[in-house]
Amino acid sequence: MLELKKPVVIIGTGLAGYNLAREWRKLDNETPLVMISRDSGRSYSKPMLSTGFQKSKTDADLTMADAGTMAEQLNASIHTFQEVEAIDVASKAISVDGTTIEYRDLVLATGSSPIPLPFENSAFERTFAINDLEQYATFRSEIREGQTVLIVGGGLIGCEYANDLNLAGYNVTLIEREQRLLSTLVHPEISLALLDHFESRGIDVHLGTTVESLEASDRVIAHCHNINLTGDIVLSAIGVRAETSLAHNSGVVINRGIVVNRALETSVPNVYALGDCAEVEGHLLYYIMPLMLCARALAKTLSGQRTEVSYPAMPVTIKTTEYPIVSQLPKSPEGSWQVTHSESGIAALCHNQEGELVGYCLSGSEIIQRAALTKQIGPTLA
Ligand SMILES: Cc1cc2nc3c(=O)[nH]c(=O)nc-3n(C[C@H](O)[C@H](O)[C@H](O)COP(=O)(O)OP(=O)(O)OC[C@H]3O[C@@H](n4cnc5c(N)ncnc54)[C@H](O)[C@@H]3O)c2cc1C
């Protein structure tokens, strides 16, 4: 009797899951593929969420394909609105829709989730985070013309949404605990220039300010240690955390993310991880480029050619669209910075003692130097 081939199962239909499926299907169109998502399974580019308001895009506009279309394109069976709660790693099986699916290989592409606000919040019904299409749609349906958004967090996500909602015509108040914007990502002079830019656009920025609680009244009051700020709706942007609970519940080793080696193998045989959920040799990188590189490497591994991933220098782009920023911070804090201001931008370059370029941070018109500078910098994971 002909034995049916066991499928490759991918949990997660974000950019990591779908990119892996696409890359793998180029190499193997025979082995069955099952994908499972706790969301709608729509294919979309997550970075577009934080430029969507200024372009008046609905969640439907941002959708590139629905789950049915993806299933056809990928020759896959896609289960949506199904949360996988445990993996039976001993018998290599998961349970979905009341059915047990035995896998040949299992890939965790469970992404990351917003960190919940760590203080008392009686305005929780007016508090949102936007980390996927569904949350984007919800926020869009809740916010009204002329309202003030209180954004908690002035990192990449907070600054991008501040920029986007401001350009879309909303009033924006941005609250950041540190003394500068993008404090972990850019050179201090670029933080300062972004602050000037935001203030010139009418964004009300409060630095060095910690929110202690949110209170629902007619409007929403953010009680900070030094000031009370009022708005209509809150956008929480204090960071994301790798989604590791499924892995942890199933006995897969986790640290800050799901621990994988450079071949993206977890501690459990035939179980792999990539994307925001994966900690690849100690690197937790919540960006597109690493996940694309991982998708290509893992596709080969799943086709029988075990492949390790390597990362070149991967600068981060901050989509503060009228004052764009690109940053590739040096791996170690030693090194000396030279900062040049031009009429419409800043170039901050960091060299080591040998005079080699080890990092840079560019803003405004200076971002044009990005490709040339990136070429000079060594790999992140050689
Ligand atoms: C606003 C914003 C702007 C960004 N801009 C940029 C940018 O400009 N450049 C850049 O490089 N990066 C950017 N990023 C980061 C980038 O978008 C992410 O790194 C990337 O999209 C992560 O993809 P992922 O597939 O790993 O995770 P996700 O997109 O989070 O997908 C996770 C998937 O797993 C599913 N899932 C999770 N747990 C379960 C479970 N137990 N059972 C079933 N399904 C489950 C979810 O339903 C989802 O389908 C941005 C992020 C945000 C939020």
# chains A, B, ... in the order shown; residues from 1 in each chain; ligands from 1
>>> residues_around(residues="stretch 186-198 of chain A", least_positions_apart="3", cutoff="7 Å", atoms="only C-alpha atoms", output="PyMOL selection string")
chain A and resi 180-183+201-203+327+346+361+363
>>> write_last_selection(atoms="C-alpha atoms", output="PDB file, in the first residue's frame")
ATOM      1  CA  ARG A 180      15.623  61.049  23.632  1.00  0.00           C
ATOM      2  CA  LEU A 181      13.662  59.443  20.794  1.00  0.00           C
ATOM      3  CA  LEU A 182      14.883  56.166  19.227  1.00  0.00           C
ATOM      4  CA  SER A 183      17.366  55.916  22.102  1.00  0.00           C
ATOM      5  CA  ARG A 201       5.028  69.301  12.605  1.00  0.00           C
ATOM      6  CA  GLY A 202       3.088  69.999  15.805  1.00  0.00           C
ATOM      7  CA  ILE A 203       3.686  66.659  17.500  1.00  0.00           C
ATOM      8  CA  SER A 327      20.955  53.268  11.210  1.00  0.00           C
ATOM      9  CA  ILE A 346      23.006  64.373   9.214  1.00  0.00           C
ATOM     10  CA  CYS A 361      23.533  56.668  11.254  1.00  0.00           C
ATOM     11  CA  SER A 363      19.090  61.112   8.282  1.00  0.00           C
TER      12      SER A 363
END
>>> select_by_dssp(residues="stretch 183-214 of chain A", states="strand (DSSP E or B)", output="ChimeraX atom specification")
/A:204-207,211-214
>>> write_last_selection(atoms="all heavy atoms", output="PDB file, in the first residue's frame")
ATOM      1  N   ASP A 204       3.382  66.743  19.895  1.00  0.00           N
ATOM      2  CA  ASP A 204       3.696  67.160  21.265  1.00  0.00           C
ATOM      3  C   ASP A 204       4.514  66.040  21.919  1.00  0.00           C
ATOM      4  O   ASP A 204       3.963  65.009  22.294  1.00  0.00           O
ATOM      5  CB  ASP A 204       2.338  67.364  21.981  1.00  0.00           C
ATOM      6  CG  ASP A 204       2.504  67.892  23.380  1.00  0.00           C
ATOM      7  OD1 ASP A 204       3.557  68.485  23.673  1.00  0.00           O
ATOM      8  OD2 ASP A 204       1.570  67.684  24.187  1.00  0.00           O
ATOM      9  N   VAL A 205       5.833  66.253  22.021  1.00  0.00           N
ATOM     10  CA  VAL A 205       6.709  65.168  22.497  1.00  0.00           C
ATOM     11  C   VAL A 205       7.095  65.424  23.956  1.00  0.00           C
ATOM     12  O   VAL A 205       7.522  66.525  24.299  1.00  0.00           O
ATOM     13  CB  VAL A 205       7.996  65.078  21.631  1.00  0.00           C
ATOM     14  CG1 VAL A 205       8.875  63.919  22.105  1.00  0.00           C
ATOM     15  CG2 VAL A 205       7.652  64.916  20.144  1.00  0.00           C
ATOM     16  N   HIS A 206       6.959  64.396  24.791  1.00  0.00           N
ATOM     17  CA  HIS A 206       7.381  64.483  26.201  1.00  0.00           C
ATOM     18  C   HIS A 206       8.447  63.438  26.456  1.00  0.00           C
ATOM     19  O   HIS A 206       8.159  62.240  26.444  1.00  0.00           O
ATOM     20  CB  HIS A 206       6.169  64.266  27.119  1.00  0.00           C
ATOM     21  CG  HIS A 206       5.160  65.351  26.985  1.00  0.00           C
ATOM     22  ND1 HIS A 206       5.099  66.428  27.831  1.00  0.00           N
ATOM     23  CD2 HIS A 206       4.210  65.564  26.027  1.00  0.00           C
ATOM     24  CE1 HIS A 206       4.139  67.244  27.439  1.00  0.00           C
ATOM     25  NE2 HIS A 206       3.581  66.747  26.338  1.00  0.00           N
ATOM     26  N   LEU A 207       9.681  63.894  26.686  1.00  0.00           N
ATOM     27  CA  LEU A 207      10.799  62.969  26.917  1.00  0.00           C
ATOM     28  C   LEU A 207      11.083  62.868  28.411  1.00  0.00           C
ATOM     29  O   LEU A 207      10.743  63.764  29.177  1.00  0.00           O
ATOM     30  CB  LEU A 207      12.044  63.471  26.179  1.00  0.00           C
ATOM     31  CG  LEU A 207      11.911  63.556  24.652  1.00  0.00           C
ATOM     32  CD1 LEU A 207      13.136  64.220  24.050  1.00  0.00           C
ATOM     33  CD2 LEU A 207      11.688  62.178  24.042  1.00  0.00           C
ATOM     34  N   VAL A 211       4.796  57.111  32.108  1.00  0.00           N
ATOM     35  CA  VAL A 211       3.355  57.039  32.406  1.00  0.00           C
ATOM     36  C   VAL A 211       3.191  56.124  33.625  1.00  0.00           C
ATOM     37  O   VAL A 211       3.743  55.029  33.669  1.00  0.00           O
ATOM     38  CB  VAL A 211       2.569  56.465  31.205  1.00  0.00           C
ATOM     39  CG1 VAL A 211       1.079  56.402  31.524  1.00  0.00           C
ATOM     40  CG2 VAL A 211       2.800  57.295  29.946  1.00  0.00           C
ATOM     41  N   GLU A 212       2.438  56.593  34.610  1.00  0.00           N
ATOM     42  CA  GLU A 212       2.227  55.779  35.822  1.00  0.00           C
ATOM     43  C   GLU A 212       0.860  55.110  35.828  1.00  0.00           C
ATOM     44  O   GLU A 212       0.680  54.051  36.406  1.00  0.00           O
ATOM     45  CB  GLU A 212       2.428  56.633  37.074  1.00  0.00           C
ATOM     46  CG  GLU A 212       3.913  56.975  37.203  1.00  0.00           C
ATOM     47  CD  GLU A 212       4.246  57.965  38.299  1.00  0.00           C
ATOM     48  OE1 GLU A 212       3.331  58.650  38.796  1.00  0.00           O
ATOM     49  OE2 GLU A 212       5.441  58.069  38.626  1.00  0.00           O
ATOM     50  N   SER A 213      -0.116  55.735  35.158  1.00  0.00           N
ATOM     51  CA  SER A 213      -1.424  55.082  34.995  1.00  0.00           C
ATOM     52  C   SER A 213      -2.203  55.821  33.911  1.00  0.00           C
ATOM     53  O   SER A 213      -1.875  56.960  33.558  1.00  0.00           O
ATOM     54  CB  SER A 213      -2.220  55.107  36.303  1.00  0.00           C
ATOM     55  OG  SER A 213      -2.524  56.429  36.639  1.00  0.00           O
ATOM     56  N   LEU A 214      -3.210  55.125  33.380  1.00  0.00           N
ATOM     57  CA  LEU A 214      -4.121  55.748  32.411  1.00  0.00           C
ATOM     58  C   LEU A 214      -5.501  55.731  33.027  1.00  0.00           C
ATOM     59  O   LEU A 214      -5.927  54.712  33.588  1.00  0.00           O
ATOM     60  CB  LEU A 214      -4.132  54.960  31.092  1.00  0.00           C
ATOM     61  CG  LEU A 214      -2.884  55.044  30.217  1.00  0.00           C
ATOM     62  CD1 LEU A 214      -2.962  54.010  29.092  1.00  0.00           C
ATOM     63  CD2 LEU A 214      -2.719  56.446  29.616  1.00  0.00           C
TER      64      LEU A 214
END
>>> closest_residue(among="A:Thr110, A:Thr184, A:Gln73, A:Thr100", to="ligand 1", atoms="only C-alpha atoms and all ligand atoms")
A:Thr110
>>> residues_around(residues="stretch 83-91 of chain A", least_positions_apart="3", cutoff="8 Å", atoms="only C-alpha atoms", output="short mmCIF file (atom, residue, chain, number, x, y, z; two decimals) with N, CA, C and O atoms, in the first residue's frame")
data_model
loop_
_atom_site.label_atom_id
_atom_site.label_comp_id
_atom_site.auth_asym_id
_atom_site.auth_seq_id
_atom_site.Cartn_x
_atom_site.Cartn_y
_atom_site.Cartn_z
N ILE A 11 3.62 26.88 11.51
CA ILE A 11 2.68 27.60 12.37
C ILE A 11 3.00 29.09 12.27
O ILE A 11 4.07 29.54 12.67
N ILE A 36 -0.84 26.99 9.59
CA ILE A 36 -1.86 27.27 10.60
C ILE A 36 -1.63 28.66 11.16
O ILE A 36 -0.49 29.03 11.46
N SER A 37 -2.73 29.42 11.29
CA SER A 37 -2.59 30.76 11.86
C SER A 37 -3.73 31.05 12.80
O SER A 37 -4.86 30.65 12.55
N ARG A 38 -3.42 31.77 13.86
CA ARG A 38 -4.52 32.16 14.75
C ARG A 38 -5.23 33.41 14.23
O ARG A 38 -6.25 33.81 14.75
N ILE A 94 0.51 17.59 15.89
CA ILE A 94 -0.22 18.70 16.51
C ILE A 94 -1.71 18.48 16.30
O ILE A 94 -2.11 17.69 15.43
N SER A 95 -2.50 19.19 17.08
CA SER A 95 -3.95 19.06 16.98
C SER A 95 -4.53 20.37 16.45
O SER A 95 -4.27 21.42 17.02
N VAL A 96 -5.31 20.29 15.37
CA VAL A 96 -5.94 21.50 14.83
C VAL A 96 -7.36 21.16 14.41
O VAL A 96 -7.57 20.13 13.75
N GLU A 102 0.01 14.66 11.86
CA GLU A 102 1.40 14.24 12.09
C GLU A 102 2.29 14.97 11.11
O GLU A 102 1.95 15.08 9.93
N LEU A 246 4.00 28.77 22.90
CA LEU A 246 3.73 27.44 22.33
C LEU A 246 4.99 26.57 22.42
O LEU A 246 4.92 25.40 22.83
N ALA A 247 6.13 27.15 22.06
CA ALA A 247 7.39 26.39 22.12
C ALA A 247 7.66 25.96 23.56
O ALA A 247 7.95 24.78 23.83
N ASN A 249 5.57 25.61 26.11
CA ASN A 249 4.60 24.60 26.58
C ASN A 249 4.90 23.22 26.01
O ASN A 249 4.43 22.21 26.53
N SER A 250 5.64 23.20 24.91
CA SER A 250 5.88 21.91 24.23
C SER A 250 7.27 21.36 24.54
O SER A 250 7.70 20.39 23.94
N VAL A 268 14.52 20.50 19.76
CA VAL A 268 13.73 19.28 19.49
C VAL A 268 13.92 18.87 18.02
O VAL A 268 13.79 19.72 17.13
#
>>> residues_near_ligand(ligand="ligand 1", cutoff="6 Å", atoms="only C-alpha atoms and all ligand atoms", output="VMD selection string")
chain A and resid 11 to 17 36 to 39 46 to 47 49 to 50 82 to 85 109 to 112 131 157 246 275 to 276 286 to 289 317
>>> closest_residue(among="A:Ser217, A:Gln328, A:Thr51, A:Ser310", to="A:Asn163", atoms="only C-alpha atoms")
A:Thr51
